[in-house]
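Engineer: So here's work.txt (compact mmCIF, C-alpha atoms).
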# COMPACT_ATOMS: atom_id res chain seq x y z
CA MET W 2 0.37 21.25 1.17
CA MET W 3 -2.88 19.74 2.38
CA ASN W 4 -6.07 21.55 1.49
CA VAL W 5 -7.45 22.50 4.92
CA ASN W 6 -10.80 23.46 3.40
CA ALA W 7 -11.40 20.01 1.89
CA ILE W 8 -14.24 17.88 3.21
CA VAL W 9 -12.69 15.20 5.40
CA ARG W 10 -13.63 11.74 4.23
CA PRO W 11 -12.09 8.55 5.53
CA VAL W 12 -9.61 6.92 3.18
CA ILE W 13 -9.75 3.13 3.25
CA ALA W 14 -6.50 1.70 1.90
CA LEU W 15 -6.31 -1.99 1.07
CA ASP W 16 -3.44 -4.27 0.27
CA ILE W 17 -4.22 -6.55 -2.68
CA GLY W 18 -2.45 -9.87 -2.10
CA GLY W 19 -3.82 -11.40 1.10
CA VAL W 20 -6.77 -9.00 1.32
CA VAL W 21 -8.52 -8.43 -2.01
CA ILE W 22 -7.15 -11.66 -3.50
CA PRO W 23 -5.65 -14.69 -1.73
CA TYR W 24 -1.98 -14.79 -0.84
CA LEU W 25 -0.45 -16.66 -3.77
CA ASP W 26 3.28 -16.28 -3.21
CA ASP W 27 3.79 -19.74 -1.71
CA ILE W 28 2.06 -21.43 -4.66
CA ILE W 29 3.95 -19.37 -7.24
CA ASP W 30 7.32 -19.63 -5.49
CA GLY W 31 7.00 -23.41 -5.18
CA TYR W 32 6.13 -23.74 -8.85
CA ILE W 33 9.12 -21.62 -9.90
CA GLN W 34 11.47 -23.62 -7.69
CA ARG W 35 10.30 -26.92 -9.14
CA THR W 36 10.31 -25.69 -12.73
CA ILE W 37 13.81 -24.25 -12.76
CA GLY W 38 15.23 -26.91 -10.42
CA ILE W 39 16.38 -24.98 -7.36
CA ASP W 40 15.67 -25.48 -3.68
CA LYS W 41 13.77 -23.06 -1.45
CA SER W 42 16.92 -21.72 0.20
CA THR W 43 18.49 -20.83 -3.16
CA PHE W 44 15.27 -19.26 -4.38
CA ASP W 45 14.84 -17.21 -1.21
CA THR W 46 18.40 -15.92 -1.50
CA LEU W 47 17.97 -14.92 -5.14
CA TRP W 48 14.57 -13.39 -4.48
CA SER W 49 15.68 -11.29 -1.52
CA ARG W 50 18.67 -10.06 -3.51
CA HIS W 51 16.95 -9.16 -6.78
CA ALA W 52 13.18 -8.91 -6.26
CA PRO W 53 13.21 -5.41 -4.74
CA ASN W 54 14.43 -4.03 -8.07
CA LEU W 55 11.58 -5.82 -9.86
CA VAL W 56 8.91 -4.88 -7.32
CA THR W 57 9.91 -1.19 -7.41
CA GLY W 58 10.06 -1.09 -11.21
CA ARG W 59 13.82 -0.52 -11.46
CA VAL W 60 14.18 -3.53 -13.74
CA SER W 61 11.78 -5.23 -16.13
CA GLU W 62 10.61 -8.82 -15.79
CA PHE W 63 12.94 -9.72 -18.69
CA GLU W 64 15.92 -8.12 -16.93
CA PHE W 65 15.05 -9.86 -13.67
CA TRP W 66 15.13 -13.31 -15.25
CA ARG W 67 18.32 -12.55 -17.18
CA THR W 68 19.97 -11.65 -13.87
CA LEU W 69 18.86 -14.94 -12.32
CA GLU W 70 20.13 -16.84 -15.35
CA SER W 71 23.50 -15.17 -14.92
CA GLU W 72 23.66 -16.16 -11.25
CA LEU W 73 22.56 -19.74 -11.94
CA GLY W 74 24.91 -20.03 -14.92
CA ARG W 75 22.25 -21.50 -17.18
CA PRO W 76 19.20 -20.41 -19.17
CA ILE W 77 15.64 -20.45 -17.86
CA PRO W 78 13.68 -21.31 -21.04
CA THR W 79 10.17 -20.67 -19.68
CA ALA W 80 11.09 -17.57 -17.66
CA GLY W 81 8.50 -15.35 -19.34
CA GLU W 82 5.68 -17.61 -18.16
CA LEU W 83 6.76 -18.44 -14.62
CA PHE W 84 4.99 -15.70 -12.69
CA MET W 85 1.65 -15.96 -14.47
CA LYS W 86 1.49 -19.75 -14.85
CA GLN W 87 0.09 -20.13 -11.32
CA TYR W 88 -1.14 -16.58 -10.67
CA ALA W 89 -4.00 -16.53 -13.16
CA PRO W 90 -5.53 -19.97 -12.44
CA ASN W 91 -5.36 -19.49 -8.66
CA LEU W 92 -6.68 -15.93 -8.55
CA ARG W 93 -9.87 -15.45 -6.57
CA ILE W 94 -11.37 -12.06 -5.81
CA ASN W 95 -12.77 -11.12 -2.40
CA THR W 96 -15.95 -9.84 -3.99
CA GLU W 97 -17.82 -9.76 -0.67
CA LEU W 98 -15.42 -7.17 0.75
CA LEU W 99 -15.34 -5.07 -2.40
CA GLU W 100 -19.12 -5.05 -2.68
CA ILE W 101 -19.55 -3.97 0.94
CA LEU W 102 -17.01 -1.15 0.67
CA SER W 103 -18.38 -0.12 -2.72
CA SER W 104 -21.77 0.46 -1.13
CA TYR W 105 -20.18 3.18 1.02
CA LYS W 106 -18.40 4.98 -1.83
CA ASP W 107 -20.42 8.14 -1.21
CA ARG W 108 -18.85 8.34 2.27
CA LEU W 109 -15.23 7.32 1.73
CA ASP W 110 -12.33 7.17 -0.68
CA LEU W 111 -11.09 3.68 -1.48
CA VAL W 112 -7.47 3.20 -2.49
CA VAL W 113 -4.93 0.44 -3.14
CA PHE W 114 -1.58 0.18 -1.34
CA SER W 115 0.13 -2.80 -2.97
CA ASN W 116 3.53 -4.32 -3.59
CA SER W 117 3.22 -5.78 -7.06
CA ILE W 118 4.98 -6.55 -10.31
CA VAL W 119 3.89 -5.62 -13.81
CA PRO W 120 2.51 -9.02 -14.93
CA TYR W 121 0.30 -9.25 -11.84
CA SER W 122 -1.01 -5.69 -11.93
CA ALA W 123 -1.63 -5.89 -15.67
CA TYR W 124 -3.70 -9.04 -15.20
CA ASN W 125 -5.53 -7.51 -12.23
CA ARG W 126 -6.56 -4.61 -14.46
CA THR W 127 -7.96 -6.96 -17.09
CA MET W 128 -9.97 -8.65 -14.31
CA GLY W 129 -11.36 -5.32 -13.14
CA ILE W 130 -9.91 -5.67 -9.65
CA TYR W 131 -8.93 -1.99 -9.43
CA ASP W 132 -12.12 -0.64 -10.97
CA ILE W 133 -13.88 0.44 -7.77
CA PHE W 134 -10.81 2.17 -6.31
CA ASP W 135 -10.38 5.93 -6.45
CA ARG W 136 -6.57 5.71 -6.47
CA VAL W 137 -4.18 2.82 -7.05
CA PHE W 138 -0.67 2.94 -5.62
CA LEU W 139 1.50 0.09 -6.91
CA SER W 140 5.12 -0.36 -5.89
CA GLU W 141 6.37 -0.92 -9.43
CA GLU W 142 4.80 2.40 -10.49
CA ILE W 143 5.75 4.66 -7.56
CA GLY W 144 9.24 3.23 -6.96
CA TYR W 145 8.74 2.31 -3.30
CA MET W 146 7.66 -0.94 -1.69
CA LYS W 147 6.12 -1.66 1.69
CA PRO W 148 7.30 -1.59 4.42
CA ASP W 149 9.67 1.19 3.32
CA PRO W 150 8.46 4.35 5.12
CA SER W 151 8.87 6.18 1.81
CA PHE W 152 5.89 4.20 0.46
CA TYR W 153 3.63 5.75 3.09
CA ASP W 154 5.22 9.21 2.86
CA TYR W 155 4.58 9.18 -0.88
CA THR W 156 0.96 8.03 -0.65
CA ILE W 157 0.14 10.52 2.11
CA ARG W 158 1.46 13.36 -0.05
CA GLU W 159 -0.37 12.15 -3.13
CA LEU W 160 -3.67 11.72 -1.30
CA ASP W 161 -3.27 15.16 0.32
CA VAL W 162 -4.67 14.00 3.66
CA LYS W 163 -3.57 13.75 7.26
CA PRO W 164 -1.98 10.35 7.98
CA ASP W 165 -4.60 9.43 10.58
CA GLN W 166 -7.33 9.95 8.00
CA ILE W 167 -6.10 6.78 6.28
CA ILE W 168 -7.40 3.46 7.58
CA PHE W 169 -5.08 0.81 6.16
CA PHE W 170 -5.46 -2.97 6.06
CA ASP W 171 -2.62 -5.34 5.19
CA ASP W 172 -2.08 -9.04 5.88
CA ARG W 173 1.59 -8.54 6.83
CA GLN W 174 2.38 -7.23 10.29
CA ALA W 175 5.62 -5.54 9.21
CA ASN W 176 3.68 -3.40 6.74
CA VAL W 177 1.13 -2.55 9.42
CA ASP W 178 3.79 -1.61 11.98
CA VAL W 179 5.61 0.85 9.69
CA ALA W 180 2.31 2.35 8.55
CA ARG W 181 1.38 2.99 12.19
CA ASP W 182 4.74 4.66 12.73
CA ALA W 183 3.86 6.94 9.79
CA GLY W 184 0.64 7.93 11.58
CA LEU W 185 -1.88 5.78 9.67
CA GLN W 186 -4.67 3.88 11.37
CA ALA W 187 -3.22 0.52 10.32
CA HIS W 188 -4.59 -2.93 11.06
CA ARG W 189 -3.61 -6.44 10.14
CA TYR W 190 -6.25 -8.04 7.92
CA THR W 191 -7.54 -11.41 9.13
CA SER W 192 -11.11 -11.55 7.79
CA ASN W 193 -13.82 -9.39 6.27
CA LYS W 194 -15.75 -9.43 9.51
CA ALA W 195 -12.76 -8.26 11.54
CA LEU W 196 -12.06 -5.50 9.01
CA LEU W 197 -15.64 -4.21 9.17
CA ARG W 198 -15.48 -4.12 12.95
CA ARG W 199 -12.67 -1.59 12.56
CA LEU W 200 -15.09 0.67 10.66
CA PRO W 201 -17.95 1.26 13.12
CA SER W 202 -19.12 4.47 11.44
CA LEU W 203 -19.51 2.59 8.17
CA ASN W 204 -20.84 -0.56 9.76
CA PRO W 205 -23.47 0.50 12.30
CA ARG W 206 -25.06 -2.93 12.47
CA GLY W 207 -21.82 -4.50 13.67
CA ILE W 208 -21.64 -7.13 10.91
What is this file in structure tokens?
Structural biologist:
Amino acid sequence: MMNVNAIVRPVIALDIGGVVIPYLDDIIDGYIQRTIGIDKSTFDTLWSRHAPNLVTGRVSEFEFWRTLESELGRPIPTAGELFMKQYAPNLRINTELLEILSSYKDRLDLVVFSNSIVPYSAYNRTMGIYDIFDRVFLSEEIGYMKPDPSFYDYTIRELDVKPDQIIFFDDRQANVDVARDAGLQAHRYTSNKALLRRLPSLNPRGI
């Protein structure tokens, strides 16, 4: 039950891929397809069938690749390196956005709402990407992935706030739409400037 006596502070929830760091899926997916010798259609089919279990933490990375090997009928020798081979060298952090929001930490709570997998989130932690956030909600840890409504139900309960107290930014419209249905103030991220315009009380100069 929500604490009605708590001081109401805005909760700014950010997606990671496509907001805090660049969207890397196309680069990584293309590399995996070339390395293991499958076309995009085959990869997309396998990914849509098996990735939800990986992204929600139901299977490990090792189990995920063993399942793909079984479907392909052949081994994938470099499987343990495929996700990180392109993730680490292409990672860039949106430091401008994090620095701006960090300067308002006395007036808001900053949280992560992210679909992720263990190798990515582990690397993000070593890079300090989550350091300024008050709470971090990762799909592989909570067992739900966006845009499943259960992701938002879970985070609302854990944050102990009213849904409309959460201002959420994600680069994928489907995630934004379901978040709005759950009562969040949800917006599609397009740029730092556009995001800040959605926060007039924190951005009085209209940057």
Engineer: Mind checking which residues fall within 12 Å of segment 92-105 of chain W, counting only C-alpha atoms, ignoring those fewer than 4 positions away in the same chain, and posting them as a PyMOL selection string?
Structural biologist: chain W and resi 10-26+28-29+85-88+109-113+121+124-125+128-135+190+192-197+200+202-204+208
Engineer: As an exercise, work out the distance from atom CA of Asp30 of chain W to atom CA of Val177 of chain W in Å and give it to one decimal place.
Structural biologist: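 Pair atom CA of Asp30 of chain W / atom CA of Val177 of chain W returns 23.5 Å.
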Engineer: Mind giving me the axis-aligned box for segment 178-181 of chain W with 8 Å on every side, centre plus edges in Å to one decimal, as lines of an AutoDock Vina configuration file?
Structural biologist:
center_x = 3.5
center_y = 0.7
center_z = 10.4
size_x = 20.2
size_y = 20.6
size_z = 19.6
Engineer: Write out as a PyMOL selection string each polymer residue whose atoms come within 9 Å of Arg59 of chain W, counting all atoms listed in the file; drop sequence neighbours fewer than 5 positions from it.
Structural biologist: chain W and resi 53-54+141+144
Engineer: Out of W:Gln186, W:Ser151, W:Asn116, W:Thr57, which residue has the shortest atom-to-atom distance to Ile167 of chain W when counting all atoms listed in the file?
Structural biologist: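 Using all atoms listed in the file, Ile167 of chain W sits closest to W:Gln186.
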Engineer: Could you jot down the atom CA of Asp182 of chain W to atom CA of Ser49 of chain W separation for me, Å, one decimal place?
Structural biologist: 24.0 Å
Engineer: Tell me, in Å to one decimal, how far atom CA of Pro90 of chain W is from atom CA of Thr46 of chain W.
Structural biologist: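 Straight-line distance from atom CA of Pro90 of chain W to atom CA of Thr46 of chain W works out to 26.6 Å.
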Engineer: If we draw a sphere of 7 Å around (4.3, -4.1, -11.8), which residues have at least one atom in it when counting all atoms listed in the file? Please report them as a CSV table (one decimal) with C-alpha atoms, in the frame of the given file.
Structural biologist:
chain,number,residue,atom,x,y,z
W,56,VAL,CA,8.9,-4.9,-7.3
W,58,GLY,CA,10.1,-1.1,-11.2
W,117,SER,CA,3.2,-5.8,-7.1
W,118,ILE,CA,5.0,-6.6,-10.3
W,119,VAL,CA,3.9,-5.6,-13.8
W,120,PRO,CA,2.5,-9.0,-14.9
W,121,TYR,CA,0.3,-9.2,-11.8
W,122,SER,CA,-1.0,-5.7,-11.9
W,141,GLU,CA,6.4,-0.9,-9.4
W,142,GLU,CA,4.8,2.4,-10.5
Engineer: Neighbours of Ala183 of chain W within 8 Å (all atoms listed in the file; same-chain residues fewer than 3 positions away dropped), as an MDAnalysis selection string?
Structural biologist: chainID W and resid 150 153:154 164 179:180
Engineer: Between W:Lys147, W:Arg198, W:Lys163, W:Arg158, which one has atoms that come closest to Asn176 of chain W, using all atoms listed in the file?
Structural biologist: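 For Asn176 of chain W, the nearest of the candidates is W:Lys147.
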Engineer: Between W:Ile157, W:Ala52, W:Ile168, W:Ile143, which is the closest to Leu69 of chain W once you count all atoms listed in the file?
Structural biologist: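 Checking each of W:Ile157, W:Ala52, W:Ile168, W:Ile143 against Leu69 of chain W, counting all atoms listed in the file, the winner is W:Ala52.
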Engineer: Segment 75-78 of chain W: which residues within 8 Å, counting only C-alpha atoms, same-chain residues fewer than 4 positions away excluded, as a PyMOL selection string?
Structural biologist: chain W and resi 37+66+70-71
Engineer: Ranking W:Asp171, W:Arg67, W:Glu72, W:Thr127 by minimum distance to Ala89 of chain W and counting all atoms listed in the file, which one comes first?
Structural biologist: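 The answer is W:Thr127, which sits nearest to Ala89 of chain W.
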